[in-house]
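*Asks:* My questions all concern the structure below.
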Amino acid sequence: MSKRSEPPQYKIDADIIIGNIGDGDFHNEGTINIGLPSFSFPINNLPPPNPRFTGRQQHLELLQTTAVKHRSMNGFAQAITGLGGIGKTQLALAYAYRHRQTYDIIWWINGSDATQVESDLLLLGQRLLLPLPANDFPAARQIVLSWLSSTDKNWLLIYDNVDTLNARQLRPYQPSGAGHILITSRNPHWAKQAWVLDVNVFTSQESTAFFQKRLHGASDPALLPLAEALGYLPLALEHAAAYMETREQTAAFYLKQFKTRRQELWERTEPPDDYHATIATTWDISFKQVQKTPGAAELLALCCFLAPNDIPLFLLSKHSDALRKIEWFAFFLSRKTIRKNLRIVLENSMMRADALSVLRKYSLLNGSEESLNIHQMVQMVYRDRIGREKELEWVELASELLISAFPVDNHDVITRKARRQFLPHLQCLIVAANSLEIADHNLVALNLGAGTLLKDSYEYDAAKPYFERGLAISEKVLGTDHPHTNICLIALGKLLMANGEFDMARPYFERALTFFEKAMGGDHPNTATSLNILGSLLLETGKYEAAKPYYERALAIREEIMGANHPETASSLRSLGSYFMNIGEYEAARPYYERALAIRKEIMGANHPETASSLNSLGVLLFTKGEYEEARKYFERALAIEEEVMGVNHPGTATNLDNLGSLFEKIGDYATARLYFERTLAIREEALGVNHLDTATSLNNLGHLFWTTRDYAASKPYFERAHAIYHKVLGADHPDTATSLNNLGSLFLRTGDYEEAKSNLERAHAIYHKVLGADHPETALCLNNLGALFRKTGESRTAGLYLERALAIFEKALGADHPNTALPLNNLGLLFLKTGDYREARSYLERALAITEKAHGVEHLSTTHCLEGLGKLLKATGEVEAARPYLERALAITEKVLGIDHPDAQIIKGSLNSLADI
């Protein structure tokens with residue numbers, strides 16, 4: 001077929017329709033009473049442009065570049081799809097006006113149904129003066145389409161609001177040829193026939209720009225919060241702007257009315273000049289259409305009561321039995337029908353697929369079954385329409401389904417990962433229940449679930465109101481002696497304990513224990529849980545001997561009721577291992593840790609976080625005993641599991657990083673230790689906050705690293721920050737507070753501030769002695785530091801008593817070859833050197849050096865104290881040449897680790913130089 005560049009010549013007879021659009025009437029008669037009309041290109045029937053159009057620049061550019069790229073294709077079509085009110089029509093109109101010089105013909109077609117499409121095509125034929133038969137519309141339509149398919153004119157046809165016709169139904173109304181077709185539709189399924197551009201809501205920047213243009217440059221700080229509340233939906237933003245403009249109100253006023261009197265506000269809303277509906281009516285047709293597909297209305301309703309994004313429908317469908325179990329109780333006919341219909345569509349995968357297909361067709365939902373999305377304004381409009389009674393019903397149904405689907409097994413890795421996606425849906429249902437003044441057992445469970453998820457993510461402040469609200473509702477609705485109420489007590493207590501609020505947590509645990517012992521018996525698993533938690537609280541607060549019987553009772557119950565190889569039994573075993581670790585009985589701790597690890601490996605798997613926790617515990621035990629290479633294997637294995645399962649920035653991962661940092665510090669790899677400590681601190685400050693106990697641990701460890709490398713100025717602020725947190729959270733008499741005092745005392749000892757050193761060390765010793773006992777290794781460490789202080793201040797007798805006491809404790813608790821045992825040995829050697837007992841001095845110093853070299857290696861920084869002491873001793877005894885190698889080795893190590901300009905290196909150089917004067 002040849003292309004025609006001019007309109008055809010017309011023959012006027014009874015079978016021809018001729019019209020002059022805009023200037024005359026349509027004629028469907030046998031004769032024409034006006035003269036032969038004429039026209040020239042370009043022609044269009046575009047609606048007036050929207051002077052308020054803003055944003056969508058990327059969409060406009062994408063439409064244009066794609067159209068240019070496919071210009072040679074016959075009948076190239078693009079489909080702009082999205083939710084009603086999203087601005088599809090305005091985008092198509094803006095595109096047409098932006099590129100109107102490109103086209104000879106731009107024709108706007110109402111795509112609401114086939115009749116309207118055909119009518120608008122015939123109007124185009126009339127405008128083109130085509131010979132259209134009067135009584136055969138299909139033939140007339142074909143003439144128009146044939147002309148468009150064969151002409152060399154550049155044309156653009158815009159089929160607007162093609163919501164009820166699908167791609168197959170629209171195809172007979174589309175021309176081929178080298179023109180351009182643009183479709184706007186709520187239906188996203190055009191991919192086989194058109195290039196699809198899915199349009200979403202405005203961005204926050206586009207929303208702000210829209211308001212500023214629509215409200216003539218108004219600058220109101222409440223505009224952005226208003227846009228967020230309206231879900232950035234263009235139609236909703238237009239309503240708000242029109243209301244504010246015509247009533248001269250602020251964004252803050254509209255936002256308040258929207259939150260409190262939304263339905264009244266919408267009743268006063270008129271459709272915009274360039275749109276057919278309001279926000280309250282724009283989805284009317286869509287809502288009605290989905291009613292025709294079984295189960296679609298129920299799925300839509302369910303989604304309207306959950307969070308708008310990432311709805312796990314597939315997961316929820318696995319728990320549809322939760323609705324079956326109490327169908328008999330839904331004795332009101334309507335309630336039973338809705339419950340049954342929802343259950344059926346959730347159970348039947350094919351029916352569910354059909355229902356989701358129609359919901360996606362009208363853009364009411366998008367995404368997959370694993371992660372569905374719905375716009376929040378659709379949710380609001382739908383819920384406003386169904387009324388309070390049905391809202392109550394749907395909150396109940398959604399709650400039952402979500403509670404049933406919520407993963408409760410905290411020992412399961414997959415469960416842990418799956419749980420987090422439930423949080424926004426739990427929160428959404430809680431808000432809905434509160435607004436409807438619901439207070440029942442479901443709301444207790446919802447609050448408990450939300451609080452648990454926030455606590456597991458270390459968001460303690462956010463979690464607390466949920467636990468408190470759940471407890472309050474449970475006490476009111478179920479009573480103080482109901483099991484659920486006491487589960488709430490434990491949950492709130494555990495949160496408080498995790499946040500370091502030990503005194504506040506204890507009454508909750510004690511109340512729960514009293515209830516479970518009375519109501520369920522002394523051998524019930526819930527009683528064991530209460531006992532173990534109370535034991536942990538006592539251990540955390542330094543009351544070690546008080547904790548032991550609670551742990552032992554809990555273990556006995558769990559072994560008897562749950563079995564020797566149950567995960568809860570493993571938890572009790574680990575708790576008892578921690579008890580023995582804290583009192584310094586390391587060999588007693590080991591079998592408990594090893595049993596716990598064996599159970600977790602067998603029951604939970606080698607790559608489970610609980611297994612990693614047991615590996616870490618054993619690593620700490622080995623590290624404390626000075627078995628660093630073995631400890632490293634456990635720490636690195638635990639870290640690998642945590643990073644894989646929990647993520648590289650999880651606080652649980654940070655614990656293993658911290659322990660590895662301490663290990664690298666011990667073996668003298670200070671640069672690596674610093675990397676681990678700094679990474680740990682960053683994770684904890686971000687996840688837990690700057691005042692959390694775990695953050696204090698990271699601060700303390702960084703301070704200790706700088707202390708070890710003798711950068712005392714850098715060390716001090718870390719020690720001080722850590723002490724402030726420990727003192728505030730744990731109190732003045734906690735062992736961790738004592739550790740921070742001990743570290744500060746050691747720092748002042750090194751810098752020569754002996755009064756401050758003595759004050760801090762004596763306070764630390766008093767706490768250790770009171771809480772841990774006179775024979776604990778931590779007490780010995782403090783005694784060693786006090787001995788070193790008294791040695792420096794010339795109080796030799798007192799120094800000797802403290803150092804000998806420290807040595808006896810270390811030898812008994814840790815063994816004669818432990819690195820900590822070398823500390824008082826070295827100090828005693830220096831003390832005897834000072835008092836002139838060179839023989840005793842040499843014995844202690846040589847023994848200290850041998851232990852240190854064996855534990856850390858011959859080039860470790862900690863050996864320099866022993867080497868320097870032996871060099872000074874040999875100098876004092878006149879053995880100058882024997883002294884030199886010791887001092888040279890000490891200097892070489894110090895310069896290598898700390899640098900040639902470090903003060904310690906200069907001191908050793910001075911000692912070496914003084915040998916030449918002898």
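Identifiers in this document derive from the order of the structure tokens: chains are assigned A, B, ..., residues are numbered from 1 separately in each chain, and ligands are numbered from 1 in order of occurrence.
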Quick one: everything within 9 Å of Asn785 of chain A, counting only C-alpha atoms, minus sequence neighbours fewer than 4 positions away in the same chain. Send it as a list in words.

*Replies:* Asn742, Gly745, Ser746, Leu749, Leu761, Ala780, Leu781, Leu789, Phe790, Tyr802, Leu803 and Pro824 of chain A

*Asks:* Grab the residues selected above and save them as an mmCIF file, in the first residue's frame with N, CA and C atoms.

*Replies:*
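Listing of again29.cif after writing:
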data_model
loop_
_atom_site.group_PDB
_atom_site.id
_atom_site.type_symbol
_atom_site.label_atom_id
_atom_site.label_comp_id
_atom_site.auth_asym_id
_atom_site.auth_seq_id
_atom_site.Cartn_x
_atom_site.Cartn_y
_atom_site.Cartn_z
ATOM 1 N N ASN A 742 40.655 0.244 88.316
ATOM 2 C CA ASN A 742 41.967 -0.387 88.283
ATOM 3 C C ASN A 742 42.776 0.094 87.075
ATOM 4 N N GLY A 745 43.861 3.587 87.650
ATOM 5 C CA GLY A 745 44.958 3.578 88.612
ATOM 6 C C GLY A 745 46.274 3.187 87.962
ATOM 7 N N SER A 746 46.225 2.179 87.081
ATOM 8 C CA SER A 746 47.433 1.754 86.368
ATOM 9 C C SER A 746 47.966 2.862 85.473
ATOM 10 N N LEU A 749 49.618 5.401 87.628
ATOM 11 C CA LEU A 749 50.885 4.835 88.099
ATOM 12 C C LEU A 749 51.980 5.028 87.053
ATOM 13 N N LEU A 761 43.174 2.669 92.743
ATOM 14 C CA LEU A 761 43.496 1.259 92.974
ATOM 15 C C LEU A 761 42.907 0.752 94.287
ATOM 16 N N ALA A 780 43.765 -10.227 92.625
ATOM 17 C CA ALA A 780 45.228 -10.356 92.548
ATOM 18 C C ALA A 780 45.833 -9.321 91.609
ATOM 19 N N LEU A 781 45.158 -9.059 90.495
ATOM 20 C CA LEU A 781 45.663 -8.069 89.554
ATOM 21 C C LEU A 781 45.750 -6.693 90.204
ATOM 22 N N LEU A 789 52.824 0.213 92.946
ATOM 23 C CA LEU A 789 52.728 1.601 93.422
ATOM 24 C C LEU A 789 53.573 1.807 94.676
ATOM 25 N N PHE A 790 53.420 0.915 95.652
ATOM 26 C CA PHE A 790 54.166 1.060 96.910
ATOM 27 C C PHE A 790 55.673 0.875 96.678
ATOM 28 N N TYR A 802 51.824 -7.055 99.315
ATOM 29 C CA TYR A 802 50.816 -7.060 98.237
ATOM 30 C C TYR A 802 51.267 -7.959 97.086
ATOM 31 N N LEU A 803 52.530 -7.858 96.712
ATOM 32 C CA LEU A 803 53.017 -8.616 95.563
ATOM 33 C C LEU A 803 53.063 -10.112 95.856
ATOM 34 N N PRO A 824 53.493 -10.169 89.092
ATOM 35 C CA PRO A 824 54.065 -9.946 90.427
ATOM 36 C C PRO A 824 55.506 -10.457 90.541
#

*Asks:* Which residues, written as a compact mmCIF listing (two decimals) with N, CA and C atoms, in the first residue's frame, have at least one atom at most 10 Å from Leu446 of chain A, with only C-alpha atoms counted and residues fewer than 3 positions away on the same chain left out?

*Replies:*
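What follows is the written file around-v5.txt:
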# COMPACT_ATOMS: atom_id res chain seq x y z
N SER A 399 -4.77 -10.03 63.21
CA SER A 399 -3.96 -10.29 64.41
C SER A 399 -3.78 -11.78 64.63
N GLU A 400 -4.86 -12.54 64.52
CA GLU A 400 -4.76 -13.99 64.72
C GLU A 400 -3.80 -14.62 63.72
N LEU A 402 -1.33 -13.10 62.01
CA LEU A 402 0.05 -12.65 62.20
C LEU A 402 0.67 -13.30 63.44
N ILE A 403 -0.09 -13.41 64.50
CA ILE A 403 0.42 -14.04 65.73
C ILE A 403 0.75 -15.50 65.47
N PHE A 406 3.94 -15.68 63.39
CA PHE A 406 5.15 -15.09 63.98
C PHE A 406 6.07 -16.18 64.48
N LEU A 423 7.88 -6.92 62.04
CA LEU A 423 7.79 -5.76 62.92
C LEU A 423 6.82 -4.69 62.42
N HIS A 425 4.31 -4.84 60.50
CA HIS A 425 2.93 -5.33 60.48
C HIS A 425 2.37 -5.42 61.90
N LEU A 426 3.20 -5.86 62.83
CA LEU A 426 2.79 -5.85 64.24
C LEU A 426 2.48 -4.43 64.69
N GLN A 427 3.35 -3.50 64.35
CA GLN A 427 3.16 -2.10 64.76
C GLN A 427 1.90 -1.52 64.14
N CYS A 428 1.66 -1.85 62.87
CA CYS A 428 0.47 -1.33 62.19
C CYS A 428 -0.80 -1.83 62.86
N LEU A 429 -0.84 -3.12 63.20
CA LEU A 429 -2.03 -3.67 63.86
C LEU A 429 -2.20 -3.10 65.27
N ILE A 430 -1.10 -2.84 65.95
CA ILE A 430 -1.18 -2.23 67.28
C ILE A 430 -1.82 -0.85 67.19
N ALA A 433 -5.52 -1.33 66.47
CA ALA A 433 -6.23 -1.80 67.66
C ALA A 433 -6.40 -0.67 68.68
N HIS A 441 -6.34 -10.26 74.43
CA HIS A 441 -5.14 -11.09 74.47
C HIS A 441 -4.33 -10.97 73.18
N ASN A 442 -5.02 -10.72 72.05
CA ASN A 442 -4.28 -10.53 70.80
C ASN A 442 -3.36 -9.32 70.87
N LEU A 443 -3.86 -8.24 71.46
CA LEU A 443 -3.06 -7.02 71.55
C LEU A 443 -1.86 -7.23 72.48
N GLY A 449 5.37 -9.21 70.74
CA GLY A 449 6.14 -9.51 69.53
C GLY A 449 6.94 -8.31 69.05
N ALA A 450 6.30 -7.13 69.01
CA ALA A 450 7.00 -5.93 68.55
C ALA A 450 8.15 -5.57 69.49
N GLY A 451 7.89 -5.67 70.79
CA GLY A 451 8.94 -5.37 71.76
C GLY A 451 10.12 -6.32 71.63
N THR A 452 9.82 -7.60 71.41
CA THR A 452 10.88 -8.61 71.28
C THR A 452 11.76 -8.33 70.07
N TYR A 466 6.36 -0.98 74.23
CA TYR A 466 5.56 -2.14 73.81
C TYR A 466 5.45 -3.16 74.94
N PHE A 467 6.57 -3.45 75.61
CA PHE A 467 6.51 -4.40 76.73
C PHE A 467 5.64 -3.86 77.86
N GLY A 470 1.99 -4.09 76.75
CA GLY A 470 1.54 -5.48 76.78
C GLY A 470 1.28 -5.96 78.19

*Asks:* Do a neighbour search on segment 255-265 of chain A at 10 Å with only C-alpha atoms, toss out local chain neighbours closer than 6 positions, and write the hits as a VMD selection string.

*Replies:* chain A and resid 222 to 223 225 to 227 229 to 230 239 to 240 243 280 380 to 381 384 to 385

*Asks:* Could those residues be written to a file, using C-alpha atoms, as a PDB file, in the first residue's frame?

*Replies:*
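For reference, part.pdb as written:
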ATOM      1  CA  ALA A 222       4.745  21.273  57.711  1.00  0.00           C
ATOM      2  CA  LEU A 223       4.473  20.658  53.956  1.00  0.00           C
ATOM      3  CA  PRO A 225       5.352  15.954  56.930  1.00  0.00           C
ATOM      4  CA  LEU A 226       1.985  16.470  55.233  1.00  0.00           C
ATOM      5  CA  ALA A 227       3.269  14.952  51.990  1.00  0.00           C
ATOM      6  CA  ALA A 229       1.276  11.474  55.707  1.00  0.00           C
ATOM      7  CA  LEU A 230      -0.449  11.516  52.305  1.00  0.00           C
ATOM      8  CA  HIS A 239      -6.604  17.862  47.312  1.00  0.00           C
ATOM      9  CA  ALA A 240      -4.562  19.202  50.194  1.00  0.00           C
ATOM     10  CA  TYR A 243      -8.124  22.941  50.431  1.00  0.00           C
ATOM     11  CA  ALA A 280     -12.353   9.028  48.216  1.00  0.00           C
ATOM     12  CA  MET A 380      -7.174   4.416  54.454  1.00  0.00           C
ATOM     13  CA  VAL A 381      -9.948   4.787  51.865  1.00  0.00           C
ATOM     14  CA  ASP A 384     -12.997   4.237  55.998  1.00  0.00           C
ATOM     15  CA  ARG A 385     -15.565   2.645  53.707  1.00  0.00           C
TER      16      ARG A 385
END

*Asks:* Which neighbours of segment 139-141 of chain A fall inside 9 Å, counting only C-alpha atoms, when residues of the same chain fewer than 4 positions from it are skipped, and could you give them as JSON, numbers by chain?

*Replies:* {"A": [118, 119, 121, 122, 125, 130, 131, 132, 133, 134, 135, 145, 146, 173]}

*Asks:* Write out as JSON, numbers by chain all residues of segment 84-293 of chain A that backbone DSSP assigns to strand (DSSP E or B).

*Replies:* {"A": [105, 106, 107, 108, 109, 110, 132, 133, 155, 156, 157, 158, 159, 160, 180, 181, 182, 183, 184, 185, 195, 196, 197, 198]}

*Asks:* For the selection just defined, write its residues with C-alpha atoms to a file, as a CSV table (one decimal), in the first residue's frame.

*Replies:*
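Output file again.csv is given in full below:
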chain,number,residue,atom,x,y,z
A,105,ILE,CA,-1.2,14.5,14.8
A,106,ILE,CA,-1.7,14.1,18.5
A,107,TRP,CA,-5.0,12.6,19.4
A,108,TRP,CA,-6.4,12.0,22.9
A,109,ILE,CA,-8.6,8.9,23.2
A,110,ASN,CA,-10.8,8.1,26.2
A,132,LEU,CA,-16.4,7.0,6.9
A,133,PRO,CA,-19.5,4.9,6.4
A,155,TRP,CA,1.3,10.8,14.8
A,156,LEU,CA,0.8,10.2,18.5
A,157,LEU,CA,-2.3,8.4,19.9
A,158,ILE,CA,-2.8,8.6,23.6
A,159,TYR,CA,-5.2,6.0,25.0
A,160,ASP,CA,-6.0,7.4,28.4
A,180,HIS,CA,3.6,6.3,18.4
A,181,ILE,CA,1.0,5.0,20.9
A,182,LEU,CA,0.9,6.0,24.5
A,183,ILE,CA,-1.4,4.2,26.9
A,184,THR,CA,-2.2,5.1,30.5
A,185,SER,CA,-3.6,2.3,32.6
A,195,TRP,CA,7.1,-0.9,26.6
A,196,VAL,CA,5.9,-0.4,30.2
A,197,LEU,CA,6.8,2.6,32.5
A,198,ASP,CA,5.5,1.9,36.0
